[in-house]
>>> print(open('entry_25.txt').read())   # compact mmCIF, C-alpha atoms
# COMPACT_ATOMS: atom_id res chain seq x y z
CA MET A 1 23.10 0.90 21.12
CA ARG A 2 21.88 -2.64 21.68
CA HIS A 3 22.53 -4.99 24.56
CA ARG A 4 22.59 -8.76 24.42
CA SER A 5 20.96 -10.65 27.31
CA LEU A 6 21.58 -13.98 29.04
CA ILE A 7 18.97 -16.74 29.33
CA ALA A 8 17.20 -17.34 32.62
CA ILE A 9 19.50 -19.42 34.79
CA THR A 10 18.08 -22.75 35.87
CA ALA A 11 18.83 -24.60 39.06
CA ALA A 12 21.07 -26.95 37.11
CA LEU A 13 23.14 -24.04 35.88
CA ALA A 14 23.40 -22.65 39.38
CA ALA A 15 24.90 -25.98 40.35
CA GLY A 16 27.44 -25.57 37.60
CA SER A 17 26.14 -28.37 35.41
CA LEU A 18 25.44 -26.15 32.38
CA SER A 19 27.38 -23.59 30.43
CA LEU A 20 26.04 -20.81 28.25
CA THR A 21 27.28 -18.79 25.35
CA ALA A 22 26.05 -15.33 24.41
CA CYS A 23 24.33 -16.69 21.30
CA GLY A 24 20.63 -17.42 21.84
CA SER A 25 20.66 -16.23 25.44
CA ARG A 26 18.23 -14.20 27.53
CA ASP A 27 18.15 -12.14 30.70
CA SER A 28 17.62 -13.57 34.15
CA ASP A 29 15.98 -10.82 36.16
CA SER A 30 14.22 -12.08 39.24
CA SER A 31 13.59 -8.63 40.68
CA SER A 32 11.38 -7.54 37.78
CA ALA A 33 9.23 -10.66 37.99
CA GLY A 34 8.49 -10.29 41.67
CA SER A 35 9.81 -13.67 42.78
CA GLY A 36 11.93 -16.49 41.40
CA ASP A 37 13.77 -16.54 38.11
CA SER A 38 12.29 -14.51 35.27
CA THR A 39 13.02 -14.68 31.57
CA THR A 40 13.14 -11.22 30.06
CA LEU A 41 11.96 -10.97 26.46
CA THR A 42 12.18 -7.89 24.25
CA ILE A 43 9.60 -6.46 21.87
CA GLY A 44 11.15 -4.12 19.34
CA VAL A 45 9.50 -0.86 18.30
CA ASP A 46 10.43 0.98 15.12
CA ALA A 47 9.03 4.44 14.34
CA PRO A 48 10.20 7.99 13.61
CA LEU A 49 11.08 9.19 17.10
CA SER A 50 12.75 12.40 15.96
CA GLY A 51 12.34 14.80 13.06
CA GLU A 52 9.47 14.45 10.60
CA ASN A 53 6.48 12.39 11.73
CA SER A 54 7.87 12.10 15.28
CA THR A 55 4.63 13.30 16.89
CA THR A 56 2.83 10.16 15.74
CA GLY A 57 5.94 8.00 15.98
CA LEU A 58 6.31 8.73 19.69
CA GLY A 59 2.65 7.82 20.15
CA ILE A 60 3.51 4.37 18.81
CA GLN A 61 6.51 3.98 21.11
CA TYR A 62 4.64 4.89 24.26
CA GLY A 63 1.51 2.97 23.29
CA ALA A 64 3.69 -0.14 23.12
CA GLN A 65 5.39 0.76 26.41
CA ILE A 66 2.09 1.00 28.26
CA ALA A 67 1.06 -2.42 26.92
CA VAL A 68 4.30 -3.97 28.21
CA ASP A 69 3.95 -2.25 31.57
CA ASP A 70 0.39 -3.57 31.91
CA ALA A 71 1.43 -7.11 30.97
CA ASN A 72 4.26 -7.11 33.49
CA LYS A 73 2.10 -5.63 36.23
CA ASN A 74 -0.60 -8.23 35.68
CA LYS A 75 1.93 -11.07 35.19
CA LEU A 76 0.18 -11.93 31.95
CA VAL A 77 2.87 -14.50 31.15
CA PRO A 78 4.05 -16.02 34.46
CA GLY A 79 7.82 -16.15 34.69
CA VAL A 80 8.30 -13.73 31.78
CA THR A 81 9.06 -10.03 31.97
CA PHE A 82 8.77 -7.98 28.80
CA LYS A 83 10.68 -4.86 27.84
CA ILE A 84 10.63 -2.45 24.90
CA GLU A 85 13.55 -1.62 22.63
CA ALA A 86 12.55 1.47 20.65
CA LEU A 87 14.54 2.43 17.55
CA ASP A 88 14.27 5.66 15.57
CA ASP A 89 13.89 5.17 11.81
CA LYS A 90 13.60 8.92 11.13
CA ALA A 91 10.94 8.02 8.53
CA GLN A 92 13.75 6.75 6.27
CA PRO A 93 13.47 3.29 4.61
CA ALA A 94 17.21 2.60 4.80
CA THR A 95 17.27 3.37 8.53
CA GLY A 96 14.22 1.20 9.07
CA GLN A 97 15.91 -1.70 7.31
CA SER A 98 19.00 -1.25 9.48
CA ASN A 99 16.82 -1.20 12.59
CA ALA A 100 15.07 -4.39 11.50
CA THR A 101 18.45 -6.05 11.05
CA SER A 102 19.46 -4.98 14.56
CA LEU A 103 16.25 -6.34 16.05
CA VAL A 104 16.46 -9.76 14.41
CA GLY A 105 20.14 -9.93 15.36
CA ASP A 106 19.21 -9.63 19.04
CA ASP A 107 18.23 -13.14 20.17
CA ASN A 108 16.17 -11.68 22.98
CA VAL A 109 13.69 -10.01 20.60
CA VAL A 110 10.54 -12.06 19.97
CA GLY A 111 8.56 -9.64 17.78
CA ALA A 112 8.38 -6.06 16.55
CA VAL A 113 5.80 -3.28 16.51
CA GLY A 114 5.91 -0.71 13.71
CA PRO A 115 6.80 1.06 11.57
CA LEU A 116 4.70 4.17 10.98
CA ASN A 117 5.43 4.71 7.29
CA SER A 118 4.43 2.23 4.59
CA GLY A 119 7.57 3.05 2.59
CA VAL A 120 9.71 2.15 5.58
CA ALA A 121 7.75 -1.08 6.03
CA GLN A 122 8.63 -2.19 2.52
CA SER A 123 12.31 -2.08 3.43
CA MET A 124 11.78 -4.09 6.63
CA GLN A 125 9.40 -6.90 5.69
CA GLN A 126 11.98 -9.20 4.08
CA VAL A 127 14.33 -8.83 7.06
CA PHE A 128 11.69 -9.97 9.54
CA ALA A 129 10.45 -12.69 7.21
CA SER A 130 13.96 -14.14 6.88
CA ALA A 131 14.11 -14.43 10.67
CA ASP A 132 10.54 -15.78 10.84
CA MET A 133 9.72 -13.04 13.35
CA ALA A 134 6.35 -11.33 13.71
CA GLU A 135 6.05 -7.68 12.77
CA ILE A 136 2.80 -5.86 13.54
CA SER A 137 2.31 -2.30 12.35
CA PRO A 138 -0.27 -0.11 14.08
CA ALA A 139 -0.12 2.45 11.27
CA ASN A 140 0.81 1.10 7.80
CA THR A 141 -2.11 1.35 5.38
CA ASN A 142 -0.79 0.63 1.87
CA PRO A 143 -2.58 -2.48 0.48
CA VAL A 144 0.59 -3.74 -1.26
CA LEU A 145 2.14 -4.66 2.09
CA THR A 146 -0.35 -7.45 2.77
CA MET A 147 -1.86 -8.28 -0.61
CA GLY A 148 1.01 -7.77 -3.05
CA LYS A 149 1.65 -5.32 -5.87
CA ASP A 150 -1.28 -6.63 -7.92
CA TRP A 151 -3.71 -6.44 -5.00
CA GLN A 152 -6.52 -4.92 -7.08
CA THR A 153 -6.60 -7.90 -9.46
CA ASP A 154 -4.70 -10.77 -7.85
CA LYS A 155 -4.29 -10.68 -4.06
CA LYS A 156 -1.29 -12.66 -2.78
CA ARG A 157 0.19 -12.29 0.69
CA PRO A 158 3.92 -11.53 0.34
CA TYR A 159 5.00 -12.24 3.94
CA LYS A 160 3.32 -14.44 6.54
CA THR A 161 5.22 -12.61 9.30
CA TYR A 162 3.69 -9.18 8.58
CA PHE A 163 0.46 -8.02 10.24
CA ARG A 164 -1.24 -4.72 10.99
CA THR A 165 -3.89 -3.39 13.34
CA ALA A 166 -4.72 -0.45 11.02
CA THR A 167 -7.07 -0.89 8.08
CA THR A 168 -5.91 -0.21 4.52
CA ASP A 169 -5.92 2.76 2.17
CA GLU A 170 -8.42 0.93 -0.01
CA MET A 171 -10.89 1.52 2.82
CA GLN A 172 -9.54 4.90 3.91
CA GLY A 173 -9.34 6.45 0.44
CA THR A 174 -12.82 5.20 -0.36
CA PHE A 175 -14.24 6.47 2.94
CA ALA A 176 -12.76 9.91 2.26
CA ALA A 177 -14.11 9.98 -1.30
CA GLU A 178 -17.57 9.00 -0.10
CA TYR A 179 -17.53 11.72 2.55
CA ALA A 180 -16.25 14.37 0.12
CA ALA A 181 -18.84 13.54 -2.55
CA LYS A 182 -21.87 12.65 -0.47
CA SER A 183 -21.55 14.49 2.84
CA LEU A 184 -19.68 17.60 1.69
CA GLY A 185 -21.19 17.71 -1.79
CA LYS A 186 -17.86 18.52 -3.42
CA LYS A 187 -17.72 18.36 -7.21
CA LYS A 188 -14.23 19.47 -8.28
CA VAL A 189 -11.19 18.22 -6.36
CA PHE A 190 -7.49 18.93 -6.83
CA VAL A 191 -5.37 15.94 -5.72
CA VAL A 192 -1.78 16.22 -4.49
CA ASP A 193 0.62 13.63 -3.06
CA ASP A 194 4.15 13.53 -1.65
CA LYS A 195 5.45 10.78 -4.00
CA GLN A 196 5.90 8.40 -1.06
CA THR A 197 4.42 4.90 -0.86
CA TYR A 198 1.72 5.89 1.60
CA GLY A 199 0.84 9.28 0.16
CA SER A 200 0.76 8.38 -3.53
CA GLY A 201 -1.17 5.17 -2.85
CA LEU A 202 -3.82 6.92 -0.79
CA ALA A 203 -4.20 9.76 -3.31
CA LYS A 204 -4.60 7.26 -6.17
CA ILE A 205 -7.41 5.41 -4.42
CA PHE A 206 -9.20 8.64 -3.49
CA ASN A 207 -8.88 9.80 -7.10
CA GLU A 208 -10.38 6.58 -8.46
CA GLN A 209 -13.23 6.40 -5.97
CA PHE A 210 -14.18 10.08 -6.16
CA THR A 211 -14.39 9.81 -9.94
CA LYS A 212 -16.58 6.69 -9.70
CA LEU A 213 -18.93 8.66 -7.45
CA GLY A 214 -19.40 11.26 -10.19
CA GLY A 215 -16.90 13.85 -9.01
CA THR A 216 -14.23 15.48 -11.13
CA VAL A 217 -10.52 15.47 -10.32
CA ILE A 218 -9.78 18.83 -11.84
CA GLY A 219 -6.01 18.65 -11.39
CA THR A 220 -3.18 16.66 -9.84
CA ASP A 221 0.34 17.46 -8.67
CA HIS A 222 3.16 16.20 -6.48
CA VAL A 223 5.43 17.69 -3.82
CA ASN A 224 8.64 16.51 -2.20
CA THR A 225 8.94 15.66 1.48
CA GLY A 226 10.82 18.45 3.19
CA ASP A 227 9.51 21.18 0.87
CA LYS A 228 8.58 24.45 2.56
CA ASP A 229 7.54 26.78 -0.28
CA PHE A 230 4.38 25.74 -2.11
CA GLY A 231 3.72 28.97 -4.01
CA SER A 232 3.65 27.30 -7.42
CA LEU A 233 1.24 24.62 -6.22
CA VAL A 234 -1.04 27.20 -4.62
CA THR A 235 -1.20 29.12 -7.89
CA LYS A 236 -2.26 25.96 -9.77
CA ILE A 237 -4.95 25.11 -7.23
CA LYS A 238 -6.28 28.67 -7.22
CA ALA A 239 -6.52 28.73 -11.01
CA SER A 240 -8.24 25.33 -11.14
CA GLY A 241 -11.40 26.43 -9.38
CA ALA A 242 -11.32 23.34 -7.14
CA ASP A 243 -13.71 23.25 -4.19
CA LEU A 244 -11.54 20.80 -2.21
CA LEU A 245 -7.86 19.89 -2.02
CA TYR A 246 -7.15 16.24 -1.28
CA TYR A 247 -3.63 15.51 -0.02
CA GLY A 248 -1.87 12.16 0.25
CA GLY A 249 1.01 12.45 2.70
CA GLN A 250 2.03 13.53 6.17
CA TYR A 251 1.29 16.56 8.35
CA ASP A 252 4.72 18.14 7.89
CA GLU A 253 4.03 19.37 4.34
CA SER A 254 0.23 19.53 4.42
CA SER A 255 0.16 21.94 7.35
CA LEU A 256 2.27 24.38 5.33
CA ILE A 257 0.26 23.86 2.16
CA THR A 258 -3.05 24.73 3.84
CA LYS A 259 -1.50 27.78 5.50
CA GLN A 260 -0.09 29.12 2.23
CA LEU A 261 -3.31 28.26 0.41
CA LYS A 262 -5.45 30.29 2.82
CA GLU A 263 -2.96 33.16 2.81
CA ALA A 264 -3.42 33.31 -0.97
CA GLY A 265 -7.17 33.69 -0.51
CA VAL A 266 -8.10 30.14 -1.51
CA ASP A 267 -10.71 29.32 1.11
CA ILE A 268 -11.23 25.61 0.47
CA PRO A 269 -10.67 22.76 2.91
CA LEU A 270 -7.67 20.46 2.72
CA PHE A 271 -8.65 16.82 3.22
CA GLY A 272 -6.08 14.12 3.97
CA GLY A 273 -5.48 10.74 5.55
CA ASP A 274 -4.27 9.50 8.92
CA GLY A 275 -0.75 10.79 8.20
CA MET A 276 -2.16 14.27 8.87
CA PHE A 277 -4.02 13.31 12.03
CA ALA A 278 -1.80 14.97 14.63
CA THR A 279 -1.97 17.99 16.90
CA THR A 280 1.18 19.26 15.19
CA TYR A 281 -0.81 19.85 11.99
CA ILE A 282 -3.09 22.30 13.77
CA GLN A 283 -0.28 23.91 15.73
CA THR A 284 1.72 24.59 12.57
CA ALA A 285 -1.14 25.70 10.34
CA GLY A 286 -2.82 27.79 13.02
CA LYS A 287 -6.16 29.34 12.08
CA ALA A 288 -5.69 28.17 8.49
CA ALA A 289 -6.42 24.63 9.65
CA GLU A 290 -10.03 25.47 10.59
CA GLY A 291 -12.39 23.34 8.53
CA ASP A 292 -9.69 20.98 7.26
CA LEU A 293 -10.39 17.26 7.41
CA VAL A 294 -8.71 13.89 7.80
CA THR A 295 -9.67 10.26 7.91
CA SER A 296 -8.09 8.01 10.51
CA VAL A 297 -8.33 4.35 11.42
CA GLY A 298 -10.86 3.13 13.95
CA VAL A 299 -13.17 5.11 16.18
CA PRO A 300 -12.05 8.03 18.40
CA ALA A 301 -9.97 6.64 21.25
CA ASP A 302 -11.64 8.86 23.82
CA THR A 303 -15.02 7.26 23.04
CA LEU A 304 -13.84 3.72 23.78
CA PRO A 305 -14.41 2.66 27.41
CA ALA A 306 -11.55 0.15 27.19
CA ALA A 307 -9.14 2.91 26.17
CA LYS A 308 -9.97 5.19 29.10
CA THR A 309 -7.28 3.81 31.41
CA PHE A 310 -4.74 3.88 28.56
CA ILE A 311 -5.36 7.57 27.90
CA GLU A 312 -5.18 8.41 31.60
CA THR A 313 -1.88 6.54 31.90
CA TYR A 314 -0.41 8.18 28.79
CA LYS A 315 -1.23 11.64 30.12
CA SER A 316 -0.17 10.94 33.71
CA LYS A 317 3.22 9.67 32.53
CA GLY A 318 3.77 12.89 30.61
CA TYR A 319 4.64 10.98 27.48
CA LYS A 320 5.49 13.09 24.43
CA GLY A 321 3.87 12.67 21.06
CA ASP A 322 0.24 12.09 20.17
CA TYR A 323 -1.57 8.89 21.14
CA ALA A 324 -4.75 9.72 19.21
CA ALA A 325 -3.71 8.39 15.80
CA TYR A 326 -1.88 5.15 16.57
CA GLY A 327 -1.12 4.88 20.30
CA THR A 328 -4.01 2.57 21.06
CA TYR A 329 -3.29 0.50 17.94
CA ALA A 330 0.32 0.13 19.06
CA TYR A 331 -0.97 -1.03 22.44
CA ASP A 332 -3.09 -3.72 20.79
CA ALA A 333 -0.28 -4.75 18.41
CA THR A 334 2.06 -5.19 21.36
CA THR A 335 -0.58 -7.11 23.28
CA ALA A 336 -1.04 -9.45 20.32
CA ILE A 337 2.66 -10.35 20.49
CA ILE A 338 2.51 -10.80 24.27
CA ASN A 339 -0.59 -13.00 23.98
CA ALA A 340 1.20 -15.06 21.34
CA VAL A 341 4.16 -15.59 23.65
CA LYS A 342 1.74 -16.68 26.38
CA ALA A 343 0.14 -19.23 24.05
CA VAL A 344 3.56 -20.64 23.14
CA VAL A 345 4.65 -20.84 26.78
CA ASP A 346 1.36 -22.43 27.88
CA ALA A 347 1.74 -25.10 25.20
CA ASN A 348 5.30 -25.78 26.36
CA ASP A 349 4.48 -26.74 29.97
CA GLY A 350 4.81 -23.16 31.15
CA LYS A 351 8.36 -22.74 29.84
CA VAL A 352 9.84 -20.40 27.28
CA PRO A 353 11.30 -22.50 24.44
CA SER A 354 15.09 -22.53 24.75
CA ASP A 355 15.54 -22.28 20.99
CA ASN A 356 15.06 -18.67 19.92
CA ASN A 357 14.16 -19.57 16.32
CA GLU A 358 11.49 -21.94 17.56
CA LEU A 359 10.01 -19.27 19.83
CA ARG A 360 9.87 -16.65 17.08
CA SER A 361 8.35 -19.06 14.59
CA LYS A 362 5.65 -20.19 17.01
CA VAL A 363 4.85 -16.58 17.95
CA VAL A 364 4.11 -15.86 14.27
CA VAL A 365 1.66 -18.77 14.20
CA GLU A 366 -0.07 -17.60 17.37
CA VAL A 367 -0.29 -13.97 16.21
CA GLN A 368 -2.18 -15.18 13.15
CA LYS A 369 -4.66 -16.86 15.52
CA SER A 370 -5.22 -13.65 17.52
CA ASP A 371 -8.78 -13.18 18.67
CA PHE A 372 -9.23 -10.89 21.67
CA ASP A 373 -10.92 -7.69 22.76
CA GLY A 374 -8.34 -4.94 22.65
CA ILE A 375 -8.66 -1.31 23.64
CA THR A 376 -9.48 -0.44 20.02
CA GLY A 377 -12.08 -3.19 19.68
CA LYS A 378 -11.82 -6.74 18.35
CA VAL A 379 -8.27 -7.73 17.43
CA SER A 380 -7.92 -10.45 14.81
CA PHE A 381 -6.27 -10.84 11.42
CA ASP A 382 -7.52 -12.16 8.09
CA GLN A 383 -5.64 -14.45 5.68
CA TYR A 384 -3.52 -11.54 4.49
CA GLY A 385 -2.51 -10.34 7.94
CA ASP A 386 -4.89 -7.39 7.78
CA THR A 387 -7.04 -6.37 10.70
CA THR A 388 -10.65 -7.44 10.59
CA ASN A 389 -11.59 -4.10 12.20
CA LYS A 390 -12.49 -1.85 9.23
CA GLN A 391 -13.86 1.12 11.20
CA LEU A 392 -12.79 4.61 10.10
CA THR A 393 -13.49 8.14 11.29
CA VAL A 394 -13.55 11.54 9.61
CA TYR A 395 -12.25 14.38 11.78
CA ARG A 396 -12.57 18.12 11.14
CA VAL A 397 -10.66 20.97 12.75
CA GLU A 398 -13.10 22.97 14.86
CA ASN A 399 -11.96 25.72 17.23
CA GLY A 400 -8.36 24.55 17.05
CA ALA A 401 -8.93 20.86 17.71
CA TRP A 402 -9.77 17.70 15.81
CA LYS A 403 -13.44 16.80 16.20
CA ALA A 404 -14.91 13.50 15.01
CA VAL A 405 -17.74 14.12 12.54
CA LYS A 406 -18.43 10.67 11.09
CA THR A 407 -17.52 7.06 11.92
CA GLY A 408 -18.30 4.07 9.76
CA THR A 409 -16.96 1.69 7.13
CA ALA A 410 -16.20 2.16 3.44
CA ASN A 411 -17.74 0.43 0.45
CA PRO A 412 -15.12 0.23 -2.33
CA SER A 413 -16.58 -0.11 -5.79
>>> encode(input="entry_25.txt", output="structure tokens")
Amino acid sequence: MRHRSLIAITAALAAGSLSLTACGSRDSDSSSAGSGDSTTLTIGVDAPLSGENSTTGLGIQYGAQIAVDDANKNKLVPGVTFKIEALDDKAQPATGQSNATSLVGDDNVVGAVGPLNSGVAQSMQQVFASADMAEISPANTNPVLTMGKDWQTDKKRPYKTYFRTATTDEMQGTFAAEYAAKSLGKKKVFVVDDKQTYGSGLAKIFNEQFTKLGGTVIGTDHVNTGDKDFGSLVTKIKASGADLLYYGGQYDESSLITKQLKEAGVDIPLFGGDGMFATTYIQTAGKAAEGDLVTSVGVPADTLPAAKTFIETYKSKGYKGDYAAYGTYAYDATTAIINAVKAVVDANDGKVPSDNNELRSKVVVEVQKSDFDGITGKVSFDQYGDTTNKQLTVYRVENGAWKAVKTGTANPS
């Protein structure tokens, strides 16, 4: 499934004065660079590209691909051609860990973009850290990933190699709670999660913040990923008298829950996080999705002038999946790695360091220094590796489509 590459061949090698082994080597591909020898470097992408969550996972893959295509077209790093190696983690932590191992084992890979799921990220972080290789997720939101398990009382960054261009659930859960209590005027909420790292974490923060705002969490429950029949849960929610259902998890289960809830005559909105923000949610739930809400990171992509060309390219290429949730954030994550490579090369007299470990290590340092205008806005990272862009948006299903209804920042208490 993976291919090793050979390092760009120098004039001395052409004369026969050097010899190479497969270890630590890279491609020489003059045709892709336009002229002269070109070093080809790989940026790995890990996301669910099939099965559950694949709609948003494919958006990550192709967002990264467009960034690489743009960098190559514009010769952003002279003498270097970038390519994408996309691996399918199927939203499974064990598969993600295996993919991370494959990526760090390929000496041509200089950094990785992904994954989608916070639970998968937990299985990958140590692998990338051991190789001192940068990993930038455009989608992970669990605070533990950047600030440690005791993040609410004692923030400590677990891995210097891990970054993300998406803001955290501390912000997202709070933003949702504020909207539910203040904008919607909801008083009694039933909270459900899918027991996964992302879903349970987000639901917990919403629960805490909604209560602090004076609301009542009238009931809680859990579901399993892959469940299809939610009759028992619907009965509990109906009996509770809740005026809102908050769900921590992905669109696969939530789209069925809202459909079965409405079929049972419970006409209350389902409110969730960015894991629900996909066209597939609406397609599966049908008319039952009307009025349902989500929060997602950043501002709507179609309102950002810098993202206009990206969206046009995504559509013209006929790429599958949904770019709206994380495609632009994957683009900026990929660009951050490319910019880091450029900084390393510029500091090395315009040459790619011959030692792969040195290159990866220096890329991590340069990613931390990121400070540029991306297509999602300002791209930079704080001392924990978290994005400094804290913008969030609430979307509501109106006439069969997600419509942005509020953009702003949260104020955790």
>>> closest_residue(input="entry_25.txt", among="A:Asn72, A:Ser316, A:Asn117, A:Thr174", to="A:Gly275", atoms="all atoms listed in the file")
A:Asn117
>>> atom_distance(input="entry_25.txt", atom1="atom CA of A:Ala134", atom2="atom CA of A:Gly173")
27.2 Å
>>> closest_residue(input="entry_25.txt", among="A:Met171, A:Val299, A:Ala67, A:Leu359", to="A:Ala347", atoms="all atoms listed in the file")
A:Leu359
>>> closest_atom_pairs(input="entry_25.txt", of="stretch 282-309 of chain A", to="stretch 383-393 of chain A", cutoff="9 Å", atoms="all atoms listed in the file", output="Markdown table")
| residue | atom | partner | partner_atom | distance |
| --- | --- | --- | --- | --- |
| A:Val294 | CA | A:Thr393 | CA | 8.3 |
| A:Thr295 | CA | A:Thr393 | CA | 5.5 |
| A:Ser296 | CA | A:Thr393 | CA | 5.5 |
| A:Val297 | CA | A:Leu392 | CA | 4.7 |
| A:Gly298 | CA | A:Gln391 | CA | 4.5 |
| A:Val299 | CA | A:Thr393 | CA | 5.8 |
| A:Pro300 | CA | A:Thr393 | CA | 7.3 |
>>> write_last_selection(input="entry_25.txt", atoms="C-alpha atoms", output="mmCIF file, keeping the file's coordinate frame")
data_model
loop_
_atom_site.group_PDB
_atom_site.id
_atom_site.type_symbol
_atom_site.label_atom_id
_atom_site.label_comp_id
_atom_site.auth_asym_id
_atom_site.auth_seq_id
_atom_site.Cartn_x
_atom_site.Cartn_y
_atom_site.Cartn_z
ATOM 1 C CA VAL A 294 -8.710 13.890 7.800
ATOM 2 C CA THR A 295 -9.670 10.260 7.910
ATOM 3 C CA SER A 296 -8.090 8.010 10.510
ATOM 4 C CA VAL A 297 -8.330 4.350 11.420
ATOM 5 C CA GLY A 298 -10.860 3.130 13.950
ATOM 6 C CA VAL A 299 -13.170 5.110 16.180
ATOM 7 C CA PRO A 300 -12.050 8.030 18.400
#
>>> atom_distance(input="entry_25.txt", atom1="atom CA of A:Asn224", atom2="atom CA of A:Asp194")
5.4 Å
>>> closest_atom_pairs(input="entry_25.txt", of="stretch 274-359 of chain A", to="stretch 250-260 of chain A", cutoff="12 Å", atoms="all atoms listed in the file", output="Markdown table")
| residue | atom | partner | partner_atom | distance |
| --- | --- | --- | --- | --- |
| A:Asp274 | CA | A:Gln250 | CA | 8.0 |
| A:Gly275 | CA | A:Gln250 | CA | 4.4 |
| A:Met276 | CA | A:Tyr251 | CA | 4.2 |
| A:Phe277 | CA | A:Tyr251 | CA | 7.2 |
| A:Ala278 | CA | A:Tyr251 | CA | 7.2 |
| A:Thr279 | CA | A:Tyr251 | CA | 9.3 |
| A:Thr280 | CA | A:Tyr251 | CA | 7.4 |
| A:Tyr281 | CA | A:Ser255 | CA | 5.2 |
| A:Ile282 | CA | A:Ser255 | CA | 7.2 |
| A:Gln283 | CA | A:Ser255 | CA | 8.6 |
| A:Thr284 | CA | A:Ser255 | CA | 6.1 |
| A:Ala285 | CA | A:Ser255 | CA | 5.0 |
| A:Gly286 | CA | A:Lys259 | CA | 7.6 |
| A:Lys287 | CA | A:Lys259 | CA | 8.2 |
| A:Ala288 | CA | A:Lys259 | CA | 5.2 |
| A:Ala289 | CA | A:Thr258 | CA | 6.7 |
| A:Glu290 | CA | A:Thr258 | CA | 9.7 |
| A:Gly291 | CA | A:Thr258 | CA | 10.5 |
| A:Asp292 | CA | A:Thr258 | CA | 8.4 |
| A:Leu293 | CA | A:Thr258 | CA | 11.1 |
| A:Val294 | CA | A:Tyr251 | CA | 10.4 |
>>> closest_residue(input="entry_25.txt", among="A:Asn356, A:Thr334, A:Thr197, A:Ser240", to="A:Val68", atoms="only C-alpha atoms")
A:Thr334
>>> residues_around(input="entry_25.txt", residues="A:Gly265", least_positions_apart="2", cutoff="12 Å", atoms="all atoms listed in the file", output="JSON, numbers by chain")
{"A": [234, 235, 237, 238, 239, 258, 259, 260, 261, 262, 263, 267, 268, 269, 288]}
>>> closest_residue(input="entry_25.txt", among="A:Gly273, A:Pro115, A:Pro93, A:Gly79", to="A:Gly44", atoms="all atoms listed in the file")
A:Pro115
>>> residues_around(input="entry_25.txt", residues="stretch 82-84 of chain A", least_positions_apart="2", cutoff="7 Å", atoms="only C-alpha atoms", output="list in words")
Thr40, Leu41, Thr42, Ile43, Gly44, Val45, Gln65, Val68, Asn72, Val80 and Ala86 of chain A
>>> closest_residue(input="entry_25.txt", among="A:Phe128, A:Tyr198, A:Phe310, A:Tyr331", to="A:Glu170", atoms="all atoms listed in the file")
A:Tyr198
>>> atom_distance(input="entry_25.txt", atom1="atom CA of A:Thr141", atom2="atom CA of A:Leu116")
9.3 Å
>>> residues_around(input="entry_25.txt", residues="stretch 218-223 of chain A", least_positions_apart="2", cutoff="9 Å", atoms="only C-alpha atoms", output="PDB file with C-alpha atoms, keeping the file's coordinate frame")
ATOM      1  CA  LYS A 188     -14.230  19.470  -8.280  1.00  0.00           C
ATOM      2  CA  VAL A 189     -11.190  18.220  -6.360  1.00  0.00           C
ATOM      3  CA  PHE A 190      -7.490  18.930  -6.830  1.00  0.00           C
ATOM      4  CA  VAL A 191      -5.370  15.940  -5.720  1.00  0.00           C
ATOM      5  CA  VAL A 192      -1.780  16.220  -4.490  1.00  0.00           C
ATOM      6  CA  ASP A 193       0.620  13.630  -3.060  1.00  0.00           C
ATOM      7  CA  ASP A 194       4.150  13.530  -1.650  1.00  0.00           C
ATOM      8  CA  LYS A 195       5.450  10.780  -4.000  1.00  0.00           C
ATOM      9  CA  SER A 200       0.760   8.380  -3.530  1.00  0.00           C
ATOM     10  CA  THR A 216     -14.230  15.480 -11.130  1.00  0.00           C
ATOM     11  CA  THR A 225       8.940  15.660   1.480  1.00  0.00           C
ATOM     12  CA  GLY A 226      10.820  18.450   3.190  1.00  0.00           C
ATOM     13  CA  ASP A 227       9.510  21.180   0.870  1.00  0.00           C
ATOM     14  CA  PHE A 230       4.380  25.740  -2.110  1.00  0.00           C
ATOM     15  CA  LEU A 233       1.240  24.620  -6.220  1.00  0.00           C
ATOM     16  CA  LYS A 236      -2.260  25.960  -9.770  1.00  0.00           C
ATOM     17  CA  ILE A 237      -4.950  25.110  -7.230  1.00  0.00           C
ATOM     18  CA  SER A 240      -8.240  25.330 -11.140  1.00  0.00           C
ATOM     19  CA  GLY A 241     -11.400  26.430  -9.380  1.00  0.00           C
ATOM     20  CA  ALA A 242     -11.320  23.340  -7.140  1.00  0.00           C
ATOM     21  CA  GLU A 253       4.030  19.370   4.340  1.00  0.00           C
TER      22      GLU A 253
END
>>> residues_around(input="entry_25.txt", residues="A:Asp132", least_positions_apart="3", cutoff="12 Å", atoms="only C-alpha atoms", output="number ranges by chain")
A: 104, 109-112, 125-129, 135, 159-162, 356-365
>>> closest_residue(input="entry_25.txt", among="A:Asp154, A:Ala325, A:Gly185, A:Pro143", to="A:Thr167", atoms="all atoms listed in the file")
A:Pro143
